[in-house]
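Note sheet for the following structure.
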Amino acid sequence: MSERKMEIKPAEGKLGVMMVGLGAVSTTFVAGVEAVKKEIAKPIGSLTQMGTIRLGKRTEERSPFVKDFVPLAGINDLVFAAWDIFEDSAYEAALNAGVLEKTFLEQVKDELSTLKPMPAVFDQNYVKRLSGTNVKKGKNKKELAKQLMEDIENFKQRNKLDRVVVIWCASTEIFLKSQPVHDTPASFEEGLEKNDPGIAPSMIYAYAALKSGVPFINGAPNLTVDIPAMRELADHMTLPIGGKDFKTGQTLMKTIIAPGLKARLLGLNGWFSTNILGNRDGEVLDDPESFKTKEESKLSVLEYILQPEKYPDLYSDFYHKVRINYYPPRGDNKEGWDNIDIFGWLGYPMQIKIDFLCRDSILAAPIVLDLVLFTDLAMRAGMKGVQEWLSFYFKSPMCAPELYPEHDIFIQLTKLKNTLRFLMGEEPITHLGLEYYQ
Ligand SMILES: NC(=O)c1ccc[n+]([C@@H]2O[C@H](COP(=O)([O-])OP(=O)(O)OC[C@H]3O[C@@H](n4cnc5c(N)ncnc54)[C@H](O)[C@@H]3O)[C@@H](O)[C@H]2O)c1
């Protein structure tokens, strides 16, 4: 054991989970947790619930479950709340989303029916394809932030909660660049007062959460907490923040396959990714301005993994294209095709074709659970600012301004597990292994 065990407050009492957006991802997450609580389903895909972690040398044979190793909140201690621009309960929203079968939803109907969304902070200028009526009114953005802070406080009081995490599972907003109003908490607050257009609704939620002493996680590619003002606020409040964009579907595959190609020094001529999906997310992404936000998030992955500047003979000239096509008949059951043109020894070309019939929200739900539980752990351990060790879960991971993001899923997993070992005073695992042969 190393001496560095961090002081971690125990996971006592209830943990509130406030979801912005009660759509396909949120309802699949909540329905799943309720089903797991009733022992009618298993939390497949969740590292916190099903994963193990090796400790010490291989000969020691110590591999506890992650949930038995680090003090995480139990799923029975989670209490849910949500905001949405539609008034549908989680049950109705889950039926609309069409991810889970009605017969399954019937078994958790009572729990889902009581989860009704609070009015949202919403502005159609930032999500062009949506309009709803369950929306807050206020004279300026500051006033709206205040209303969200009241929601958080009321939720805490009503449910006698010890801690809360806010997670953005709402639609992808239009592409925004970082601008002066995002520079400091002071400039941001002035912007709230003056209704600055550089402040998107997602940022108002993030601000309200941090000001309320609550960490904020961003599951969409919007800038949201990835601006200096929010980083400073999170540091100041000693709160964790994380983002961006849950890593599911095609990008998950990309970050599994690209590190393998690079490991074997196979070159890349082109990677064409296209997919069809027909859920509301697909409809929102059909708007070019929301798609641009998503495209930026999806495109950067290969550049960072393959490092063309270090391997010019292999990766300096590859063509990378990502397309999303809204195709209603498929609903949430996306189909993603990848055509990968690679080359090997003496430059001889080869091709890889992937046809991934995936279910977006089925892949996203366990990510939401893990992020909520790990973020709460980070908060209790006094970890503040960007949680780079949670990059594993994101398409476009946030990191310190002087660093480049780590996209390789295997490095991300090592980083995550070594962080857990570090928190608990165990030695990090380097996989060196020479000592077994000395
Ligand atoms: N499903 C995945 O695998 C996946 C992966 C990565 C990222 N994401 C992102 O997660 C988000 C949710 O995906 P989804 O499939 O659940 O979408 P969805 O359209 O089913 O749900 C989003 C919900 O957010 C609500 N909403 C929009 N703006 C809001 C606001 N300002 N305040 C409160 N509610 C608001 C919408 O009314 C909708 O009910 C999207 O941004 C998506 O891009 C999803």
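Every chain in the structure tokens takes a letter, A first, then B, and so on in the order presented; its residues are numbered from 1, and the ligands are numbered from 1 following the presented order.
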List the neighbours of A:Ala35 out to 10 Å using only C-alpha atoms; skip same-chain residues closer than 3 positions along the sequence, and give me the result as a list in words. Phe29, Val30, Ala31, Gly32, Lys38, Glu39, Ile40, Ala41, Lys42, Pro43, Phe104, Leu105, Gln107, Val108 and Glu111 of chain A
Sorted per-residue table, chain A near ligand 1, closest atoms and distance, 6 Å, only C-alpha atoms and all ligand atoms, as CSV:
residue,atom,partner,partner_atom_place_in_ligand_line,distance
A:Val20,CA,ligand 1,33 (C),4.9
A:Gly21,CA,ligand 1,24 (O),3.5
A:Leu22,CA,ligand 1,39 (O),4.8
A:Gly23,CA,ligand 1,21 (O),3.3
A:Ala24,CA,ligand 1,16 (O),3.7
A:Val25,CA,ligand 1,16 (O),3.7
A:Ser26,CA,ligand 1,16 (O),5.9
A:Trp83,CA,ligand 1,33 (C),4.9
A:Asp84,CA,ligand 1,34 (N),3.6
A:Ile85,CA,ligand 1,37 (O),5.0
A:Phe86,CA,ligand 1,37 (O),5.8
A:Ala120,CA,ligand 1,32 (N),4.5
A:Val121,CA,ligand 1,31 (N),5.1
A:Phe122,CA,ligand 1,31 (N),4.1
A:Cys169,CA,ligand 1,12 (C),4.3
A:Ala170,CA,ligand 1,24 (O),3.3
A:Ser171,CA,ligand 1,41 (O),3.6
A:Thr172,CA,ligand 1,41 (O),3.8
A:Pro201,CA,ligand 1,31 (N),5.4
A:Gly219,CA,ligand 1,10 (O),5.3
A:Ala220,CA,ligand 1,41 (O),4.3
A:Asp245,CA,ligand 1,7 (C),4.6
A:Phe246,CA,ligand 1,6 (C),3.9
A:Lys247,CA,ligand 1,6 (C),5.7
A:Thr248,CA,ligand 1,3 (O),5.0
A:Arg280,CA,ligand 1,19 (O),4.1
A:Asp281,CA,ligand 1,19 (O),4.1
A:Asp360,CA,ligand 1,3 (O),3.7
A:Ser361,CA,ligand 1,1 (N),4.2
A:Leu363,CA,ligand 1,3 (O),5.9
A:Ala364,CA,ligand 1,3 (O),4.6
Write the residues you've just listed into a file as a PDB file, in the first residue's frame, and include N, CA and C atoms for each of them.
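Just written: again10.pdb:
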ATOM      1  N   VAL A  20     -30.695  17.356 -16.929  1.00  0.00           N
ATOM      2  CA  VAL A  20     -31.254  18.365 -17.817  1.00  0.00           C
ATOM      3  C   VAL A  20     -31.647  17.606 -19.079  1.00  0.00           C
ATOM      4  N   GLY A  21     -32.942  17.617 -19.379  1.00  0.00           N
ATOM      5  CA  GLY A  21     -33.446  16.823 -20.505  1.00  0.00           C
ATOM      6  C   GLY A  21     -33.944  15.483 -20.019  1.00  0.00           C
ATOM      7  N   LEU A  22     -35.204  15.191 -20.348  1.00  0.00           N
ATOM      8  CA  LEU A  22     -35.775  13.894 -19.972  1.00  0.00           C
ATOM      9  C   LEU A  22     -36.199  13.205 -21.271  1.00  0.00           C
ATOM     10  N   GLY A  23     -35.175  12.851 -22.060  1.00  0.00           N
ATOM     11  CA  GLY A  23     -35.425  12.224 -23.360  1.00  0.00           C
ATOM     12  C   GLY A  23     -34.978  10.775 -23.355  1.00  0.00           C
ATOM     13  N   ALA A  24     -34.470  10.324 -24.495  1.00  0.00           N
ATOM     14  CA  ALA A  24     -34.119   8.912 -24.669  1.00  0.00           C
ATOM     15  C   ALA A  24     -33.047   8.457 -23.666  1.00  0.00           C
ATOM     16  N   VAL A  25     -31.977   9.218 -23.555  1.00  0.00           N
ATOM     17  CA  VAL A  25     -30.867   8.793 -22.682  1.00  0.00           C
ATOM     18  C   VAL A  25     -31.306   8.792 -21.216  1.00  0.00           C
ATOM     19  N   SER A  26     -31.885   9.903 -20.764  1.00  0.00           N
ATOM     20  CA  SER A  26     -32.258  10.015 -19.341  1.00  0.00           C
ATOM     21  C   SER A  26     -33.250   8.946 -18.935  1.00  0.00           C
ATOM     22  N   TRP A  83     -35.315  18.396 -15.721  1.00  0.00           N
ATOM     23  CA  TRP A  83     -35.939  19.552 -16.372  1.00  0.00           C
ATOM     24  C   TRP A  83     -36.181  19.165 -17.834  1.00  0.00           C
ATOM     25  N   ASP A  84     -37.296  19.578 -18.392  1.00  0.00           N
ATOM     26  CA  ASP A  84     -37.482  19.396 -19.841  1.00  0.00           C
ATOM     27  C   ASP A  84     -38.482  20.429 -20.350  1.00  0.00           C
ATOM     28  N   ILE A  85     -38.408  20.689 -21.636  1.00  0.00           N
ATOM     29  CA  ILE A  85     -39.327  21.664 -22.245  1.00  0.00           C
ATOM     30  C   ILE A  85     -40.686  21.032 -22.534  1.00  0.00           C
ATOM     31  N   PHE A  86     -40.767  19.694 -22.419  1.00  0.00           N
ATOM     32  CA  PHE A  86     -42.060  19.005 -22.549  1.00  0.00           C
ATOM     33  C   PHE A  86     -42.490  18.527 -21.170  1.00  0.00           C
ATOM     34  N   ALA A 120     -38.062  24.128 -18.010  1.00  0.00           N
ATOM     35  CA  ALA A 120     -36.668  24.243 -18.451  1.00  0.00           C
ATOM     36  C   ALA A 120     -36.268  25.684 -18.709  1.00  0.00           C
ATOM     37  N   VAL A 121     -34.957  25.904 -18.744  1.00  0.00           N
ATOM     38  CA  VAL A 121     -34.421  27.137 -19.321  1.00  0.00           C
ATOM     39  C   VAL A 121     -34.109  26.799 -20.769  1.00  0.00           C
ATOM     40  N   PHE A 122     -34.821  27.433 -21.670  1.00  0.00           N
ATOM     41  CA  PHE A 122     -34.715  27.040 -23.083  1.00  0.00           C
ATOM     42  C   PHE A 122     -34.849  28.254 -23.983  1.00  0.00           C
ATOM     43  N   CYS A 169     -28.248  15.931 -20.190  1.00  0.00           N
ATOM     44  CA  CYS A 169     -28.656  14.886 -21.143  1.00  0.00           C
ATOM     45  C   CYS A 169     -29.660  15.504 -22.099  1.00  0.00           C
ATOM     46  N   ALA A 170     -29.564  16.801 -22.316  1.00  0.00           N
ATOM     47  CA  ALA A 170     -30.517  17.493 -23.203  1.00  0.00           C
ATOM     48  C   ALA A 170     -29.909  17.634 -24.592  1.00  0.00           C
ATOM     49  N   SER A 171     -30.715  18.193 -25.486  1.00  0.00           N
ATOM     50  CA  SER A 171     -30.343  18.246 -26.899  1.00  0.00           C
ATOM     51  C   SER A 171     -29.047  19.013 -27.139  1.00  0.00           C
ATOM     52  N   THR A 172     -28.427  18.711 -28.258  1.00  0.00           N
ATOM     53  CA  THR A 172     -27.193  19.390 -28.660  1.00  0.00           C
ATOM     54  C   THR A 172     -27.523  20.805 -29.136  1.00  0.00           C
ATOM     55  N   PRO A 201     -28.346  28.264 -23.006  1.00  0.00           N
ATOM     56  CA  PRO A 201     -29.055  27.709 -21.841  1.00  0.00           C
ATOM     57  C   PRO A 201     -28.223  26.698 -21.052  1.00  0.00           C
ATOM     58  N   GLY A 219     -23.072  15.819 -21.095  1.00  0.00           N
ATOM     59  CA  GLY A 219     -23.140  14.659 -21.986  1.00  0.00           C
ATOM     60  C   GLY A 219     -23.273  14.989 -23.461  1.00  0.00           C
ATOM     61  N   ALA A 220     -23.369  16.272 -23.795  1.00  0.00           N
ATOM     62  CA  ALA A 220     -23.500  16.684 -25.199  1.00  0.00           C
ATOM     63  C   ALA A 220     -22.236  17.451 -25.612  1.00  0.00           C
ATOM     64  N   ASP A 245     -19.781  15.206 -24.285  1.00  0.00           N
ATOM     65  CA  ASP A 245     -20.365  14.295 -25.264  1.00  0.00           C
ATOM     66  C   ASP A 245     -20.099  12.812 -24.944  1.00  0.00           C
ATOM     67  N   PHE A 246     -21.113  12.140 -24.459  1.00  0.00           N
ATOM     68  CA  PHE A 246     -20.976  10.711 -24.121  1.00  0.00           C
ATOM     69  C   PHE A 246     -20.362   9.923 -25.286  1.00  0.00           C
ATOM     70  N   LYS A 247     -19.419   9.078 -24.959  1.00  0.00           N
ATOM     71  CA  LYS A 247     -18.761   8.293 -26.027  1.00  0.00           C
ATOM     72  C   LYS A 247     -19.524   6.996 -26.267  1.00  0.00           C
ATOM     73  N   THR A 248     -20.384   7.005 -27.288  1.00  0.00           N
ATOM     74  CA  THR A 248     -21.170   5.812 -27.617  1.00  0.00           C
ATOM     75  C   THR A 248     -21.003   5.557 -29.110  1.00  0.00           C
ATOM     76  N   ARG A 280     -35.183  11.686 -31.596  1.00  0.00           N
ATOM     77  CA  ARG A 280     -35.258  13.150 -31.538  1.00  0.00           C
ATOM     78  C   ARG A 280     -33.857  13.771 -31.638  1.00  0.00           C
ATOM     79  N   ASP A 281     -32.876  13.062 -31.078  1.00  0.00           N
ATOM     80  CA  ASP A 281     -31.494  13.528 -31.185  1.00  0.00           C
ATOM     81  C   ASP A 281     -31.117  13.661 -32.669  1.00  0.00           C
ATOM     82  N   ASP A 360     -28.191   3.573 -29.377  1.00  0.00           N
ATOM     83  CA  ASP A 360     -27.503   4.700 -28.760  1.00  0.00           C
ATOM     84  C   ASP A 360     -27.732   4.832 -27.268  1.00  0.00           C
ATOM     85  N   SER A 361     -28.997   4.821 -26.876  1.00  0.00           N
ATOM     86  CA  SER A 361     -29.291   5.105 -25.476  1.00  0.00           C
ATOM     87  C   SER A 361     -28.936   3.922 -24.586  1.00  0.00           C
ATOM     88  N   LEU A 363     -26.277   2.256 -24.990  1.00  0.00           N
ATOM     89  CA  LEU A 363     -24.841   2.465 -24.731  1.00  0.00           C
ATOM     90  C   LEU A 363     -24.610   3.663 -23.811  1.00  0.00           C
ATOM     91  N   ALA A 364     -25.499   4.648 -23.873  1.00  0.00           N
ATOM     92  CA  ALA A 364     -25.296   5.871 -23.079  1.00  0.00           C
ATOM     93  C   ALA A 364     -25.718   5.711 -21.616  1.00  0.00           C
TER      94      ALA A 364
END
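Of the residues listed (A:Glu435, A:Glu143, A:Glu295, A:Asp370), A:Asp370 shows the shortest atom-to-atom separation from A:Ile44; distances use only C-alpha atoms.
Distance annotation: of A:Ile257, A:Met19, A:Met50, A:Ala82, the residue with the minimal separation from A:Thr114 is A:Ala82; atom set is only C-alpha atoms.
Proximity to A:Ile342 was assessed for A:Pro366, A:Leu373, A:Leu266, A:Pro329 counting only C-alpha atoms; the smallest distance is recorded for A:Leu266.
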Shell of 7 Å around stretch 298-304 of chain A, only C-alpha atoms, local chain residues under 3 positions omitted, as a PyMOL selection string: chain A and resi 251+294-295+307-308+395+407
Pull N, CA and C atoms from the residues just selected and write them as a tab-separated table (two decimals), in the first residue's frame.
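What follows is the written file out-v2.tsv:
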chain	number	residue	atom	x	y	z
A	251	THR	N	-18.16	6.57	-32.47
A	251	THR	CA	-16.91	7.09	-31.92
A	251	THR	C	-16.30	6.11	-30.91
A	294	LYS	N	-21.67	18.70	-33.14
A	294	LYS	CA	-21.42	17.26	-33.04
A	294	LYS	C	-20.23	16.88	-33.92
A	295	GLU	N	-20.17	17.47	-35.11
A	295	GLU	CA	-19.12	17.11	-36.06
A	295	GLU	C	-17.74	17.43	-35.48
A	307	GLN	N	-1.79	10.86	-34.20
A	307	GLN	CA	-0.64	11.78	-34.14
A	307	GLN	C	0.09	11.90	-35.49
A	308	PRO	N	-0.57	12.44	-36.52
A	308	PRO	CA	0.06	12.55	-37.85
A	308	PRO	C	1.41	13.26	-37.82
A	395	LYS	N	-16.58	11.64	-25.83
A	395	LYS	CA	-16.06	11.75	-27.20
A	395	LYS	C	-15.04	12.85	-27.33
A	407	HIS	N	-7.59	10.36	-26.20
A	407	HIS	CA	-8.76	9.71	-26.80
A	407	HIS	C	-8.68	8.19	-26.82
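Rounded to one decimal, atom CA of A:Leu100 and atom CA of A:Ser46 lie 17.7 Å from each other.
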One decimal, in Å: what's the spacing between atom CA of A:Val368 and atom CA of A:Lys384? 19.5 Å
Contact residues around A:Lys67 with only C-alpha atoms at 10 Å, ignoring same-chain residues under 5 positions, as JSON, numbers by chain: {"A": [47, 48, 49, 50, 51, 52, 53, 72, 73, 74, 373]}
Skip A:Asn418 itself and residues of its chain fewer than 2 positions away, then list as a ChimeraX atom specification all residues within 10 Å of it, counting only C-alpha atoms. /A:53-55,389,412-416,420-424,426-430
Members of stretch 106-252 of chain A assigned alpha helix (DSSP H) by DSSP, as a VMD selection string: chain A and resid 106 109 to 113 141 to 159 185 to 193 201 to 211 228 to 237 249 to 252
Keeping only C-alpha atoms, write those residues as a short mmCIF file (atom, residue, chain, number, x, y, z; two decimals), in the first residue's frame.
data_model
loop_
_atom_site.label_atom_id
_atom_site.label_comp_id
_atom_site.auth_asym_id
_atom_site.auth_seq_id
_atom_site.Cartn_x
_atom_site.Cartn_y
_atom_site.Cartn_z
CA GLU A 106 -44.71 -1.48 -17.29
CA LYS A 109 -44.16 2.42 -14.50
CA ASP A 110 -44.88 3.67 -10.96
CA GLU A 111 -41.37 4.99 -10.45
CA LEU A 112 -41.22 6.59 -13.91
CA SER A 113 -44.68 8.15 -13.73
CA LYS A 141 -30.49 35.09 -17.94
CA LYS A 142 -29.47 35.93 -14.40
CA GLU A 143 -33.07 35.65 -13.29
CA LEU A 144 -33.32 32.24 -15.02
CA ALA A 145 -30.17 31.02 -13.27
CA LYS A 146 -31.72 32.08 -9.96
CA GLN A 147 -34.83 30.02 -10.70
CA LEU A 148 -32.67 26.96 -11.42
CA MET A 149 -30.81 27.47 -8.14
CA GLU A 150 -34.16 27.52 -6.36
CA ASP A 151 -35.10 24.25 -8.10
CA ILE A 152 -31.87 22.65 -6.88
CA GLU A 153 -32.38 23.89 -3.33
CA ASN A 154 -36.04 22.76 -3.23
CA PHE A 155 -35.13 19.32 -4.57
CA LYS A 156 -32.47 18.98 -1.87
CA GLN A 157 -34.80 20.08 0.92
CA ARG A 158 -37.79 18.04 -0.23
CA ASN A 159 -35.81 14.80 -0.42
CA PRO A 185 -16.91 34.43 -13.57
CA ALA A 186 -17.26 38.24 -13.46
CA SER A 187 -17.60 38.66 -17.25
CA PHE A 188 -20.01 35.71 -17.29
CA GLU A 189 -22.19 37.22 -14.56
CA GLU A 190 -22.26 40.52 -16.40
CA GLY A 191 -23.33 38.57 -19.51
CA LEU A 192 -26.14 36.90 -17.57
CA GLU A 193 -27.40 40.31 -16.56
CA PRO A 201 -29.05 27.71 -21.84
CA SER A 202 -26.68 24.82 -20.99
CA MET A 203 -24.27 27.38 -19.51
CA ILE A 204 -27.03 28.83 -17.34
CA TYR A 205 -27.66 25.36 -15.87
CA ALA A 206 -23.93 24.81 -15.32
CA TYR A 207 -23.57 28.17 -13.60
CA ALA A 208 -26.60 27.52 -11.38
CA ALA A 209 -25.25 24.10 -10.39
CA LEU A 210 -21.77 25.32 -9.52
CA LYS A 211 -23.10 28.32 -7.61
CA PRO A 228 -12.49 29.52 -18.52
CA ALA A 229 -15.28 31.10 -16.44
CA MET A 230 -16.69 27.70 -15.47
CA ARG A 231 -13.27 26.21 -14.77
CA GLU A 232 -12.49 29.10 -12.45
CA LEU A 233 -15.86 28.83 -10.75
CA ALA A 234 -15.44 25.06 -10.27
CA ASP A 235 -11.97 25.60 -8.76
CA HIS A 236 -13.24 28.32 -6.52
CA MET A 237 -16.13 26.17 -5.29
CA GLY A 249 -21.72 4.23 -31.04
CA GLN A 250 -19.41 5.03 -33.88
CA THR A 251 -16.91 7.09 -31.92
CA LEU A 252 -16.64 4.35 -29.31
#
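Rounded to one decimal, atom CA of A:Leu369 and atom CA of A:Asp408 lie 21.6 Å from each other.
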Distance query stretch 285-293 of chain A at most 8 Å, only C-alpha atoms, self and fewer than 4 positions along chain excluded, as a PyMOL selection string: chain A and resi 127-129+172-176+221-222+281+297+324-326
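For stretch 168-294 of chain A, backbone-based DSSP assignment of strand (DSSP E or B) covers Trp168, Phe216, Ile217, Asn218, Pro240, Ile241, Gly242, Phe246, Gly267, Leu268, Asn269, Gly270, Trp271, Phe272, Ser273, Thr274, Asn275, Ile276 and Leu277 of chain A.
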Keeping only N, CA and C atoms, write those residues as a PDB file, in the first residue's frame.
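Now in selection_5.pdb:
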ATOM      1  N   TRP A 168     -26.029  17.033 -17.926  1.00  0.00           N
ATOM      2  CA  TRP A 168     -26.723  17.490 -19.141  1.00  0.00           C
ATOM      3  C   TRP A 168     -26.961  16.307 -20.061  1.00  0.00           C
ATOM      4  N   PHE A 216     -21.118  19.559 -12.189  1.00  0.00           N
ATOM      5  CA  PHE A 216     -21.871  19.541 -13.447  1.00  0.00           C
ATOM      6  C   PHE A 216     -21.127  18.701 -14.485  1.00  0.00           C
ATOM      7  N   ILE A 217     -21.875  17.799 -15.129  1.00  0.00           N
ATOM      8  CA  ILE A 217     -21.313  16.930 -16.161  1.00  0.00           C
ATOM      9  C   ILE A 217     -22.063  17.184 -17.461  1.00  0.00           C
ATOM     10  N   ASN A 218     -21.341  17.265 -18.556  1.00  0.00           N
ATOM     11  CA  ASN A 218     -21.962  17.580 -19.837  1.00  0.00           C
ATOM     12  C   ASN A 218     -21.900  16.403 -20.805  1.00  0.00           C
ATOM     13  N   PRO A 240     -16.024  19.276  -8.916  1.00  0.00           N
ATOM     14  CA  PRO A 240     -15.629  18.660 -10.180  1.00  0.00           C
ATOM     15  C   PRO A 240     -16.549  19.091 -11.329  1.00  0.00           C
ATOM     16  N   ILE A 241     -15.972  19.172 -12.533  1.00  0.00           N
ATOM     17  CA  ILE A 241     -16.773  19.354 -13.749  1.00  0.00           C
ATOM     18  C   ILE A 241     -16.264  18.346 -14.784  1.00  0.00           C
ATOM     19  N   GLY A 242     -17.117  18.014 -15.765  1.00  0.00           N
ATOM     20  CA  GLY A 242     -16.665  17.050 -16.779  1.00  0.00           C
ATOM     21  C   GLY A 242     -17.452  17.172 -18.056  1.00  0.00           C
ATOM     22  N   PHE A 246     -21.113  12.140 -24.459  1.00  0.00           N
ATOM     23  CA  PHE A 246     -20.976  10.711 -24.121  1.00  0.00           C
ATOM     24  C   PHE A 246     -20.362   9.923 -25.286  1.00  0.00           C
ATOM     25  N   GLY A 267      -0.888   2.070 -41.765  1.00  0.00           N
ATOM     26  CA  GLY A 267      -1.205   3.420 -42.229  1.00  0.00           C
ATOM     27  C   GLY A 267      -2.685   3.595 -42.524  1.00  0.00           C
ATOM     28  N   LEU A 268      -3.100   4.858 -42.656  1.00  0.00           N
ATOM     29  CA  LEU A 268      -4.516   5.140 -42.923  1.00  0.00           C
ATOM     30  C   LEU A 268      -4.630   6.108 -44.091  1.00  0.00           C
ATOM     31  N   ASN A 269      -5.420   5.696 -45.103  1.00  0.00           N
ATOM     32  CA  ASN A 269      -5.696   6.600 -46.224  1.00  0.00           C
ATOM     33  C   ASN A 269      -7.005   7.346 -46.036  1.00  0.00           C
ATOM     34  N   GLY A 270      -7.962   6.667 -45.393  1.00  0.00           N
ATOM     35  CA  GLY A 270      -9.253   7.333 -45.244  1.00  0.00           C
ATOM     36  C   GLY A 270     -10.160   6.586 -44.300  1.00  0.00           C
ATOM     37  N   TRP A 271     -11.040   7.357 -43.679  1.00  0.00           N
ATOM     38  CA  TRP A 271     -12.018   6.750 -42.754  1.00  0.00           C
ATOM     39  C   TRP A 271     -13.340   7.469 -42.996  1.00  0.00           C
ATOM     40  N   PHE A 272     -14.262   6.752 -43.617  1.00  0.00           N
ATOM     41  CA  PHE A 272     -15.561   7.350 -43.918  1.00  0.00           C
ATOM     42  C   PHE A 272     -16.608   6.745 -42.994  1.00  0.00           C
ATOM     43  N   SER A 273     -17.240   7.588 -42.202  1.00  0.00           N
ATOM     44  CA  SER A 273     -18.253   7.131 -41.244  1.00  0.00           C
ATOM     45  C   SER A 273     -19.583   7.767 -41.593  1.00  0.00           C
ATOM     46  N   THR A 274     -20.595   6.943 -41.730  1.00  0.00           N
ATOM     47  CA  THR A 274     -21.920   7.519 -41.957  1.00  0.00           C
ATOM     48  C   THR A 274     -22.914   6.729 -41.134  1.00  0.00           C
ATOM     49  N   ASN A 275     -23.959   7.375 -40.691  1.00  0.00           N
ATOM     50  CA  ASN A 275     -24.971   6.595 -39.972  1.00  0.00           C
ATOM     51  C   ASN A 275     -26.356   7.163 -40.122  1.00  0.00           C
ATOM     52  N   ILE A 276     -27.321   6.274 -39.865  1.00  0.00           N
ATOM     53  CA  ILE A 276     -28.721   6.694 -39.929  1.00  0.00           C
ATOM     54  C   ILE A 276     -29.338   6.518 -38.544  1.00  0.00           C
ATOM     55  N   LEU A 277     -30.072   7.499 -38.108  1.00  0.00           N
ATOM     56  CA  LEU A 277     -30.822   7.354 -36.856  1.00  0.00           C
ATOM     57  C   LEU A 277     -32.082   8.201 -36.923  1.00  0.00           C
TER      58      LEU A 277
END
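Taking only C-alpha atoms, the non-local environment of A:Gly260 within 12 Å (same-chain residues fewer than 4 positions away omitted) comprises Met253, Lys254, Thr255, Ile256, Arg264, Leu265, Leu266, Gly267, Ile305, Leu306, Asp408, Ile409, Phe410 and Ile411 of chain A.
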